[in-house]
Amino acid sequence: MNGRVPVDHGRMLDLLAIEGQLLTAATHDAHEDLPVPGTPGRTVGQTVGNLGDLCEDALSWMGASEQTASRWGARRPDGGLSGLTGRFTARLADLLAEFGTRSPDEPCATWWPEDHSVGFWLRRMLHATTVHRVDVQVAAGVPMTSIDIAQAVDGIDEALRLWFGYRLPALGISATRSCSVAVSAGGRTWCASAKQRRLEARPAGSGAECEPVATATLGGEPDAVYLWLWGRLPDRAVEVEGDLDAIAQLWGLLRLATW
């Protein structure tokens with residue numbers, strides 16, 4: 001499946017549904033204007049609203065939005081956080097129904113050249129929902145639910161290959177210095193390299209030369225590495241060795257591509 005970490009399609013569907021339920025439950029203990037620690041300047045209401053937008057975007061890319069647009073229309077609903085949560089819940093139900101009737105390998109428009117399939121959107125929405133679910137749980141002060149190990153490993157692959165290796169160059173963003181960071185978790189290693197104004201991230205052994213010449217190494221439990229790459233955990237949550245400036249550059253560049 002386009003070089004992805006293998007996660008069963010049915011399992012991804014189940015996980016997406018679970019993550020949506022967890023996020024919705026967390027909003028019951030939150031206020032719309034509560035700040036989200038992992039994304040300074042963003043509130044819980046904005047987080048849930050943004051996720052509703054992402055659901056609509058995915059439906060649109062898959063050509064399904066015209067069939068479901070009449071439920072809410074293009075305008076965000078009134079009613080504060082409960083209205084935003086209701087919109088997200090309805091759009092997620094539309095997505096789950098769409099994913100449930102289409103093969104993950106079915107051709108579909110996407111914005112990543114390496115993967116033009118329905119599976120891209122299932123994966124993208126799973127990780128977007130997971131990260132935002134963590135945001136809302138932390139902001140609301142409720143215990144953060146653990147992340148499935150295979151899901152976290154897949155999320156690491158997506159963060160490095162999709163966001164660092166593709167999205168940053170597509171935005172015209174490059175590194176200030178040449179270096180490479182070997183990222184390891186769950187028995188897998190990726191090399192995130194910056195050289196000659198080019199960014200690249202590939203699994204070790206797939207042509208990406210990294211270890212043992214990596215400028216720095218970063219590792220830890222899969223969920224910790226996953227959330228660190230998304231800027232949701234501090235450096236102390238992961239294990240780092242070598243050039244700390246290279247680690248800082250990786251983190252800073254990912255902040256420009258993800259939020």
# chains A, B, ... in the order shown; residues from 1 in each chain; ligands from 1

$ residues_around --residues "Gly220 of chain A" --least-positions-apart "5" --cutoff "6 Å" --atoms "only C-alpha atoms" --output "PyMOL selection string"
chain A and resi 185+225+238-239

$ write_last_selection --atoms "N, CA, C and O atoms" --output "mmCIF file, in the first residue's frame"
data_model
loop_
_atom_site.group_PDB
_atom_site.id
_atom_site.type_symbol
_atom_site.label_atom_id
_atom_site.label_comp_id
_atom_site.auth_asym_id
_atom_site.auth_seq_id
_atom_site.Cartn_x
_atom_site.Cartn_y
_atom_site.Cartn_z
ATOM 1 N N ALA A 185 11.431 3.755 16.448
ATOM 2 C CA ALA A 185 10.329 3.416 17.358
ATOM 3 C C ALA A 185 9.650 2.160 16.846
ATOM 4 O O ALA A 185 9.554 1.946 15.635
ATOM 5 N N VAL A 225 7.070 9.171 20.504
ATOM 6 C CA VAL A 225 7.728 9.716 19.310
ATOM 7 C C VAL A 225 6.692 10.348 18.382
ATOM 8 O O VAL A 225 6.898 11.433 17.825
ATOM 9 N N VAL A 238 11.148 11.845 24.805
ATOM 10 C CA VAL A 238 11.848 10.960 23.877
ATOM 11 C C VAL A 238 13.312 10.887 24.256
ATOM 12 O O VAL A 238 13.799 11.662 25.091
ATOM 13 N N GLU A 239 14.017 9.953 23.636
ATOM 14 C CA GLU A 239 15.447 9.782 23.900
ATOM 15 C C GLU A 239 16.230 10.317 22.714
ATOM 16 O O GLU A 239 15.994 9.906 21.571
#

$ residues_around --residues "segment 112-122 of chain A" --least-positions-apart "2" --cutoff "8 Å" --atoms "only C-alpha atoms" --output "number ranges by chain"
A: 2, 9, 12-13, 58, 62, 99, 102-110, 124-126, 162, 166

$ residues_around --residues "segment 247-253 of chain A" --least-positions-apart "5" --cutoff "12 Å" --atoms "only C-alpha atoms" --output "ChimeraX atom specification"
/A:159-160,163-169,171-183,191-194,199-201,214-219,225-235,238-242,258-259

$ select_by_dssp --residues "segment 11-199 of chain A" --states "strand (DSSP E or B)" --output "ChimeraX atom specification"
/A:35,43,107,117,179-185,188-195,198-199

$ write_last_selection --atoms "all heavy atoms" --output "short mmCIF file (atom, residue, chain, number, x, y, z; two decimals), in the first residue's frame"
data_model
loop_
_atom_site.label_atom_id
_atom_site.label_comp_id
_atom_site.auth_asym_id
_atom_site.auth_seq_id
_atom_site.Cartn_x
_atom_site.Cartn_y
_atom_site.Cartn_z
N PRO A 35 -7.83 27.09 26.09
CA PRO A 35 -6.66 27.02 25.22
C PRO A 35 -6.14 25.59 25.10
O PRO A 35 -6.26 24.80 26.04
CB PRO A 35 -5.65 27.92 25.93
CG PRO A 35 -6.05 27.87 27.37
CD PRO A 35 -7.56 27.77 27.36
N THR A 43 -7.92 27.31 20.40
CA THR A 43 -8.83 26.90 21.47
C THR A 43 -9.45 25.54 21.14
O THR A 43 -9.31 25.03 20.03
CB THR A 43 -9.96 27.92 21.63
OG1 THR A 43 -10.76 27.93 20.42
CG2 THR A 43 -9.41 29.32 21.88
N PRO A 107 -8.66 4.25 -6.77
CA PRO A 107 -8.06 5.53 -7.15
C PRO A 107 -8.91 6.70 -6.66
O PRO A 107 -10.14 6.66 -6.68
CB PRO A 107 -8.03 5.47 -8.68
CG PRO A 107 -8.01 4.00 -9.00
CD PRO A 107 -8.86 3.36 -7.93
N SER A 117 -5.14 7.31 -3.56
CA SER A 117 -6.11 6.27 -3.24
C SER A 117 -6.98 6.69 -2.08
O SER A 117 -6.65 7.61 -1.32
CB SER A 117 -5.39 4.96 -2.88
OG SER A 117 -4.78 5.05 -1.60
N CYS A 179 22.02 18.01 7.73
CA CYS A 179 22.14 17.06 8.83
C CYS A 179 21.14 15.94 8.59
O CYS A 179 20.31 16.00 7.69
CB CYS A 179 21.88 17.72 10.18
SG CYS A 179 20.26 18.49 10.34
N SER A 180 21.22 14.91 9.40
CA SER A 180 20.27 13.80 9.30
C SER A 180 19.96 13.29 10.69
O SER A 180 20.82 13.27 11.57
CB SER A 180 20.83 12.66 8.43
OG SER A 180 22.02 12.14 9.00
N VAL A 181 18.71 12.91 10.89
CA VAL A 181 18.27 12.38 12.17
C VAL A 181 17.66 11.01 11.94
O VAL A 181 16.75 10.85 11.13
CB VAL A 181 17.22 13.31 12.83
CG1 VAL A 181 16.74 12.71 14.16
CG2 VAL A 181 17.79 14.70 13.05
N ALA A 182 18.17 10.02 12.65
CA ALA A 182 17.60 8.68 12.61
C ALA A 182 16.52 8.59 13.68
O ALA A 182 16.79 8.78 14.86
CB ALA A 182 18.67 7.62 12.85
N VAL A 183 15.29 8.34 13.25
CA VAL A 183 14.14 8.27 14.16
C VAL A 183 13.74 6.81 14.30
O VAL A 183 13.42 6.15 13.31
CB VAL A 183 12.96 9.11 13.63
CG1 VAL A 183 11.77 9.02 14.58
CG2 VAL A 183 13.38 10.56 13.42
N SER A 184 13.74 6.30 15.53
CA SER A 184 13.45 4.88 15.75
C SER A 184 12.32 4.69 16.76
O SER A 184 12.28 5.37 17.79
CB SER A 184 14.70 4.16 16.26
OG SER A 184 15.75 4.22 15.31
N ALA A 185 11.43 3.75 16.45
CA ALA A 185 10.33 3.42 17.36
C ALA A 185 9.65 2.16 16.85
O ALA A 185 9.55 1.95 15.64
CB ALA A 185 9.32 4.55 17.45
N ARG A 188 11.25 -0.02 14.05
CA ARG A 188 11.48 0.56 12.74
C ARG A 188 12.32 1.82 12.87
O ARG A 188 12.33 2.48 13.91
CB ARG A 188 10.16 0.91 12.04
CG ARG A 188 9.28 -0.30 11.73
CD ARG A 188 7.96 0.15 11.14
NE ARG A 188 8.13 0.86 9.88
CZ ARG A 188 8.08 0.30 8.67
NH1 ARG A 188 7.86 -1.01 8.56
NH2 ARG A 188 8.24 1.01 7.58
N THR A 189 13.04 2.15 11.79
CA THR A 189 13.87 3.35 11.78
C THR A 189 13.66 4.11 10.47
O THR A 189 13.57 3.50 9.41
CB THR A 189 15.37 3.00 11.93
OG1 THR A 189 15.58 2.35 13.18
CG2 THR A 189 16.23 4.26 11.87
N TRP A 190 13.58 5.42 10.57
CA TRP A 190 13.47 6.30 9.41
C TRP A 190 14.64 7.28 9.44
O TRP A 190 15.14 7.63 10.52
CB TRP A 190 12.19 7.11 9.44
CG TRP A 190 10.92 6.33 9.38
CD1 TRP A 190 10.11 6.13 8.30
CD2 TRP A 190 10.26 5.66 10.47
NE1 TRP A 190 9.01 5.37 8.63
CE2 TRP A 190 9.08 5.07 9.96
CE3 TRP A 190 10.56 5.50 11.82
CZ2 TRP A 190 8.21 4.35 10.75
CZ3 TRP A 190 9.71 4.77 12.62
CH2 TRP A 190 8.54 4.20 12.09
N CYS A 191 15.04 7.74 8.28
CA CYS A 191 16.07 8.77 8.20
C CYS A 191 15.44 10.04 7.67
O CYS A 191 14.91 10.07 6.56
CB CYS A 191 17.22 8.35 7.30
SG CYS A 191 18.49 9.62 7.16
N ALA A 192 15.48 11.09 8.48
CA ALA A 192 15.02 12.41 8.05
C ALA A 192 16.25 13.24 7.77
O ALA A 192 17.00 13.57 8.69
CB ALA A 192 14.17 13.06 9.15
N SER A 193 16.49 13.53 6.50
CA SER A 193 17.72 14.21 6.12
C SER A 193 17.45 15.55 5.45
O SER A 193 16.45 15.74 4.76
CB SER A 193 18.55 13.32 5.18
OG SER A 193 17.84 13.08 3.98
N ALA A 194 18.36 16.47 5.68
CA ALA A 194 18.31 17.79 5.05
C ALA A 194 19.69 18.05 4.45
O ALA A 194 20.69 18.05 5.16
CB ALA A 194 17.97 18.86 6.08
N LYS A 195 19.72 18.22 3.13
CA LYS A 195 21.00 18.49 2.48
C LYS A 195 20.75 19.20 1.16
O LYS A 195 19.79 18.90 0.44
CB LYS A 195 21.78 17.21 2.24
CG LYS A 195 21.02 16.11 1.51
CD LYS A 195 21.83 14.84 1.44
CE LYS A 195 21.06 13.71 0.76
NZ LYS A 195 21.83 12.45 0.71
N ARG A 198 17.41 20.28 0.19
CA ARG A 198 16.43 19.23 -0.09
C ARG A 198 16.12 18.47 1.19
O ARG A 198 17.03 18.09 1.93
CB ARG A 198 16.97 18.26 -1.15
CG ARG A 198 15.93 17.23 -1.58
CD ARG A 198 16.52 16.26 -2.59
NE ARG A 198 17.47 15.35 -1.97
CZ ARG A 198 18.15 14.42 -2.64
NH1 ARG A 198 18.01 14.32 -3.93
NH2 ARG A 198 18.99 13.63 -2.00
N LEU A 199 14.85 18.24 1.43
CA LEU A 199 14.40 17.48 2.58
C LEU A 199 13.90 16.12 2.12
O LEU A 199 13.22 16.02 1.11
CB LEU A 199 13.28 18.21 3.33
CG LEU A 199 13.61 19.61 3.86
CD1 LEU A 199 12.38 20.24 4.49
CD2 LEU A 199 14.76 19.57 4.85
#

$ select_by_dssp --residues "segment 25-208 of chain A" --states "helix (DSSP H, G or I)" --output "compact mmCIF listing (two decimals) with N, CA and C atoms, in the first residue's frame"
# COMPACT_ATOMS: atom_id res chain seq x y z
N ALA A 25 -16.37 12.69 23.54
CA ALA A 25 -16.55 12.56 24.99
C ALA A 25 -15.76 13.62 25.74
N ALA A 26 -14.56 13.95 25.25
CA ALA A 26 -13.71 14.94 25.93
C ALA A 26 -14.32 16.33 25.88
N THR A 27 -15.10 16.62 24.84
CA THR A 27 -15.71 17.96 24.75
C THR A 27 -16.76 18.19 25.84
N VAL A 44 -10.16 24.99 22.13
CA VAL A 44 -10.86 23.73 21.91
C VAL A 44 -11.89 23.89 20.79
N GLY A 45 -12.63 24.98 20.80
CA GLY A 45 -13.62 25.20 19.76
C GLY A 45 -12.99 25.25 18.38
N GLN A 46 -11.87 25.95 18.26
CA GLN A 46 -11.18 26.02 16.98
C GLN A 46 -10.64 24.65 16.56
N THR A 47 -10.19 23.87 17.52
CA THR A 47 -9.67 22.54 17.22
C THR A 47 -10.77 21.64 16.66
N VAL A 48 -11.91 21.62 17.33
CA VAL A 48 -13.03 20.78 16.86
C VAL A 48 -13.54 21.31 15.52
N GLY A 49 -13.62 22.63 15.39
CA GLY A 49 -14.06 23.21 14.12
C GLY A 49 -13.12 22.87 12.98
N ASN A 50 -11.80 22.92 13.26
CA ASN A 50 -10.82 22.58 12.24
C ASN A 50 -10.95 21.13 11.80
N LEU A 51 -11.22 20.24 12.75
CA LEU A 51 -11.37 18.84 12.41
C LEU A 51 -12.62 18.62 11.57
N GLY A 52 -13.68 19.36 11.86
CA GLY A 52 -14.87 19.30 11.00
C GLY A 52 -14.55 19.75 9.59
N ASP A 53 -13.72 20.80 9.47
CA ASP A 53 -13.29 21.27 8.15
C ASP A 53 -12.52 20.17 7.41
N LEU A 54 -11.62 19.50 8.14
CA LEU A 54 -10.82 18.44 7.51
C LEU A 54 -11.70 17.30 7.02
N CYS A 55 -12.74 16.97 7.79
CA CYS A 55 -13.68 15.94 7.35
C CYS A 55 -14.34 16.35 6.05
N GLU A 56 -14.79 17.59 5.98
CA GLU A 56 -15.44 18.07 4.76
C GLU A 56 -14.47 18.08 3.59
N ASP A 57 -13.22 18.46 3.85
CA ASP A 57 -12.21 18.47 2.79
C ASP A 57 -12.01 17.06 2.23
N ALA A 58 -11.90 16.08 3.14
CA ALA A 58 -11.70 14.70 2.70
C ALA A 58 -12.88 14.22 1.87
N LEU A 59 -14.09 14.52 2.31
CA LEU A 59 -15.28 14.13 1.56
C LEU A 59 -15.27 14.78 0.18
N SER A 60 -14.84 16.03 0.12
CA SER A 60 -14.79 16.73 -1.16
C SER A 60 -13.77 16.11 -2.10
N TRP A 61 -12.57 15.83 -1.59
CA TRP A 61 -11.53 15.20 -2.41
C TRP A 61 -12.00 13.84 -2.94
N SER A 65 -18.86 14.83 -1.12
CA SER A 65 -19.45 15.90 -0.33
C SER A 65 -20.80 16.36 -0.86
N GLU A 66 -21.04 16.30 -2.17
CA GLU A 66 -22.32 16.76 -2.71
C GLU A 66 -23.49 15.93 -2.20
N GLN A 67 -23.22 14.68 -1.89
CA GLN A 67 -24.28 13.80 -1.41
C GLN A 67 -24.65 14.07 0.04
N THR A 68 -23.75 14.74 0.78
CA THR A 68 -23.96 14.92 2.21
C THR A 68 -24.03 16.38 2.64
N ALA A 69 -23.78 17.31 1.71
CA ALA A 69 -23.68 18.72 2.08
C ALA A 69 -24.97 19.29 2.66
N SER A 70 -26.11 18.74 2.30
CA SER A 70 -27.38 19.30 2.75
C SER A 70 -27.58 19.19 4.26
N ARG A 71 -26.80 18.33 4.94
CA ARG A 71 -27.00 18.16 6.38
C ARG A 71 -26.63 19.43 7.14
N GLY A 80 -22.07 27.22 19.64
CA GLY A 80 -20.84 27.01 20.38
C GLY A 80 -20.22 25.65 20.17
N LEU A 81 -19.60 25.14 21.23
CA LEU A 81 -18.86 23.88 21.13
C LEU A 81 -19.78 22.71 20.79
N SER A 82 -20.99 22.70 21.33
CA SER A 82 -21.89 21.58 21.04
C SER A 82 -22.25 21.55 19.56
N GLY A 83 -22.43 22.74 18.95
CA GLY A 83 -22.73 22.78 17.52
C GLY A 83 -21.55 22.32 16.69
N LEU A 84 -20.34 22.74 17.06
CA LEU A 84 -19.14 22.32 16.34
C LEU A 84 -18.91 20.82 16.49
N THR A 85 -19.17 20.30 17.70
CA THR A 85 -19.01 18.87 17.93
C THR A 85 -20.04 18.08 17.14
N GLY A 86 -21.28 18.58 17.09
CA GLY A 86 -22.31 17.90 16.31
C GLY A 86 -21.96 17.85 14.83
N ARG A 87 -21.42 18.95 14.33
CA ARG A 87 -21.00 18.98 12.92
C ARG A 87 -19.90 17.97 12.66
N PHE A 88 -18.89 17.94 13.55
CA PHE A 88 -17.81 16.96 13.40
C PHE A 88 -18.35 15.54 13.44
N THR A 89 -19.23 15.25 14.40
CA THR A 89 -19.77 13.90 14.54
C THR A 89 -20.51 13.47 13.28
N ALA A 90 -21.30 14.38 12.71
CA ALA A 90 -22.05 14.05 11.50
C ALA A 90 -21.12 13.83 10.31
N ARG A 91 -20.12 14.68 10.19
CA ARG A 91 -19.18 14.54 9.07
C ARG A 91 -18.33 13.27 9.22
N LEU A 92 -17.96 12.95 10.45
CA LEU A 92 -17.19 11.71 10.66
C LEU A 92 -18.04 10.50 10.29
N ALA A 93 -19.32 10.52 10.62
CA ALA A 93 -20.21 9.42 10.24
C ALA A 93 -20.26 9.29 8.72
N ASP A 94 -20.31 10.43 8.01
CA ASP A 94 -20.29 10.39 6.55
C ASP A 94 -19.01 9.76 6.04
N LEU A 95 -17.89 10.13 6.65
CA LEU A 95 -16.59 9.57 6.24
C LEU A 95 -16.53 8.07 6.49
N LEU A 96 -16.95 7.65 7.66
CA LEU A 96 -16.92 6.22 7.98
C LEU A 96 -17.78 5.43 7.01
N ALA A 97 -18.93 5.98 6.64
CA ALA A 97 -19.80 5.31 5.67
C ALA A 97 -19.12 5.23 4.31
N GLU A 98 -18.46 6.31 3.93
CA GLU A 98 -17.76 6.34 2.65
C GLU A 98 -16.61 5.34 2.63
N PHE A 99 -15.80 5.35 3.68
CA PHE A 99 -14.68 4.41 3.75
C PHE A 99 -15.16 2.97 3.81
N GLY A 100 -16.30 2.75 4.43
CA GLY A 100 -16.81 1.39 4.58
C GLY A 100 -17.31 0.77 3.30
N THR A 101 -17.58 1.59 2.28
CA THR A 101 -18.11 1.06 1.02
C THR A 101 -17.11 1.13 -0.13
N VAL A 118 -8.12 6.01 -1.94
CA VAL A 118 -9.01 6.26 -0.81
C VAL A 118 -8.28 6.03 0.51
N GLY A 119 -7.35 5.07 0.50
CA GLY A 119 -6.59 4.76 1.71
C GLY A 119 -5.82 5.94 2.25
N PHE A 120 -5.39 6.83 1.37
CA PHE A 120 -4.69 8.04 1.83
C PHE A 120 -5.56 8.83 2.78
N TRP A 121 -6.84 9.00 2.43
CA TRP A 121 -7.73 9.82 3.24
C TRP A 121 -8.12 9.13 4.54
N LEU A 122 -8.25 7.80 4.52
CA LEU A 122 -8.52 7.10 5.76
C LEU A 122 -7.35 7.28 6.72
N ARG A 123 -6.16 7.11 6.22
CA ARG A 123 -4.97 7.29 7.05
C ARG A 123 -4.86 8.73 7.55
N ARG A 124 -5.03 9.70 6.66
CA ARG A 124 -4.90 11.11 7.01
C ARG A 124 -5.92 11.51 8.08
N MET A 125 -7.16 11.04 7.93
CA MET A 125 -8.18 11.42 8.90
C MET A 125 -8.01 10.70 10.23
N LEU A 126 -7.46 9.49 10.20
CA LEU A 126 -7.19 8.79 11.45
C LEU A 126 -6.18 9.58 12.28
N HIS A 127 -5.10 10.02 11.65
CA HIS A 127 -4.07 10.72 12.41
C HIS A 127 -4.49 12.13 12.79
N ALA A 128 -5.23 12.82 11.91
CA ALA A 128 -5.72 14.14 12.27
C ALA A 128 -6.66 14.06 13.47
N THR A 129 -7.53 13.05 13.48
CA THR A 129 -8.48 12.90 14.59
C THR A 129 -7.77 12.51 15.87
N THR A 130 -6.76 11.65 15.76
CA THR A 130 -6.01 11.23 16.95
C THR A 130 -5.30 12.40 17.60
N VAL A 131 -4.58 13.19 16.80
CA VAL A 131 -3.84 14.32 17.35
C VAL A 131 -4.79 15.35 17.96
N HIS A 132 -5.90 15.64 17.29
CA HIS A 132 -6.86 16.60 17.83
C HIS A 132 -7.57 16.03 19.05
N ARG A 133 -7.78 14.73 19.08
CA ARG A 133 -8.38 14.11 20.28
C ARG A 133 -7.45 14.32 21.47
N VAL A 134 -6.16 14.12 21.28
CA VAL A 134 -5.19 14.37 22.35
C VAL A 134 -5.25 15.83 22.78
N ASP A 135 -5.34 16.74 21.81
CA ASP A 135 -5.42 18.17 22.13
C ASP A 135 -6.60 18.47 23.04
N VAL A 136 -7.76 17.94 22.70
CA VAL A 136 -8.97 18.24 23.47
C VAL A 136 -8.91 17.59 24.84
N GLN A 137 -8.41 16.36 24.92
CA GLN A 137 -8.31 15.70 26.22
C GLN A 137 -7.37 16.46 27.15
N VAL A 138 -6.22 16.89 26.64
CA VAL A 138 -5.26 17.62 27.47
C VAL A 138 -5.85 18.96 27.90
N ALA A 139 -6.49 19.66 26.98
CA ALA A 139 -7.09 20.96 27.32
C ALA A 139 -8.20 20.81 28.35
N ALA A 140 -8.97 19.74 28.24
CA ALA A 140 -10.09 19.53 29.15
C ALA A 140 -9.65 18.96 30.50
N ILE A 149 -0.32 0.87 19.34
CA ILE A 149 1.08 0.86 18.93
C ILE A 149 1.25 0.91 17.42
N ALA A 150 0.53 0.04 16.70
CA ALA A 150 0.64 0.04 15.24
C ALA A 150 0.18 1.37 14.65
N GLN A 151 -0.85 1.95 15.24
CA GLN A 151 -1.34 3.25 14.80
C GLN A 151 -0.27 4.32 14.99
N ALA A 152 0.42 4.31 16.14
CA ALA A 152 1.46 5.29 16.40
C ALA A 152 2.63 5.13 15.44
N VAL A 153 3.03 3.88 15.17
CA VAL A 153 4.13 3.65 14.23
C VAL A 153 3.76 4.16 12.84
N ASP A 154 2.53 3.89 12.43
CA ASP A 154 2.07 4.40 11.14
C ASP A 154 2.05 5.93 11.14
N GLY A 155 1.68 6.52 12.28
CA GLY A 155 1.66 7.97 12.37
C GLY A 155 3.04 8.59 12.28
N ILE A 156 4.04 7.90 12.81
CA ILE A 156 5.43 8.37 12.68
C ILE A 156 5.82 8.38 11.21
N ASP A 157 5.48 7.30 10.51
CA ASP A 157 5.79 7.21 9.09
C ASP A 157 5.12 8.35 8.33
N GLU A 158 3.86 8.64 8.65
CA GLU A 158 3.15 9.71 7.96
C GLU A 158 3.76 11.07 8.26
N ALA A 159 4.08 11.33 9.53
CA ALA A 159 4.65 12.62 9.90
C ALA A 159 5.95 12.89 9.17
N LEU A 160 6.80 11.86 9.07
CA LEU A 160 8.10 12.04 8.45
C LEU A 160 8.02 12.08 6.93
N ARG A 161 7.33 11.12 6.34
CA ARG A 161 7.32 11.03 4.88
C ARG A 161 6.38 12.02 4.22
N LEU A 162 5.19 12.20 4.80
CA LEU A 162 4.21 13.09 4.18
C LEU A 162 4.49 14.56 4.51
N TRP A 163 4.70 14.86 5.79
CA TRP A 163 4.82 16.25 6.22
C TRP A 163 6.24 16.78 6.09
N PHE A 164 7.21 16.04 6.61
CA PHE A 164 8.60 16.50 6.51
C PHE A 164 9.14 16.33 5.10
N GLY A 165 8.98 15.14 4.54
CA GLY A 165 9.60 14.83 3.25
C GLY A 165 8.88 15.41 2.05
N TYR A 166 7.56 15.67 2.16
CA TYR A 166 6.83 16.20 1.00
C TYR A 166 6.24 17.59 1.24
N ARG A 167 5.49 17.75 2.32
CA ARG A 167 4.75 19.00 2.50
C ARG A 167 5.67 20.21 2.62
N LEU A 168 6.75 20.09 3.38
CA LEU A 168 7.68 21.21 3.53
C LEU A 168 8.27 21.65 2.19
N PRO A 169 8.85 20.72 1.38
CA PRO A 169 9.36 21.14 0.07
C PRO A 169 8.27 21.74 -0.82
N ALA A 170 7.03 21.18 -0.73
CA ALA A 170 5.94 21.71 -1.54
C ALA A 170 5.61 23.15 -1.16

$ closest_residue --among "A:Ala30, A:Leu15, A:Leu23, A:Ala204" --to "Ile147 of chain A" --atoms "only C-alpha atoms"
A:Leu15

$ atom_distance --atom1 "atom CA of Gly20 of chain A" --atom2 "atom CA of Thr39 of chain A"
19.4 Å

$ atom_distance --atom1 "atom CA of His28 of chain A" --atom2 "atom CA of Ser146 of chain A"
19.2 Å

$ atom_distance --atom1 "atom CA of Leu256 of chain A" --atom2 "atom CA of Leu34 of chain A"
23.3 Å
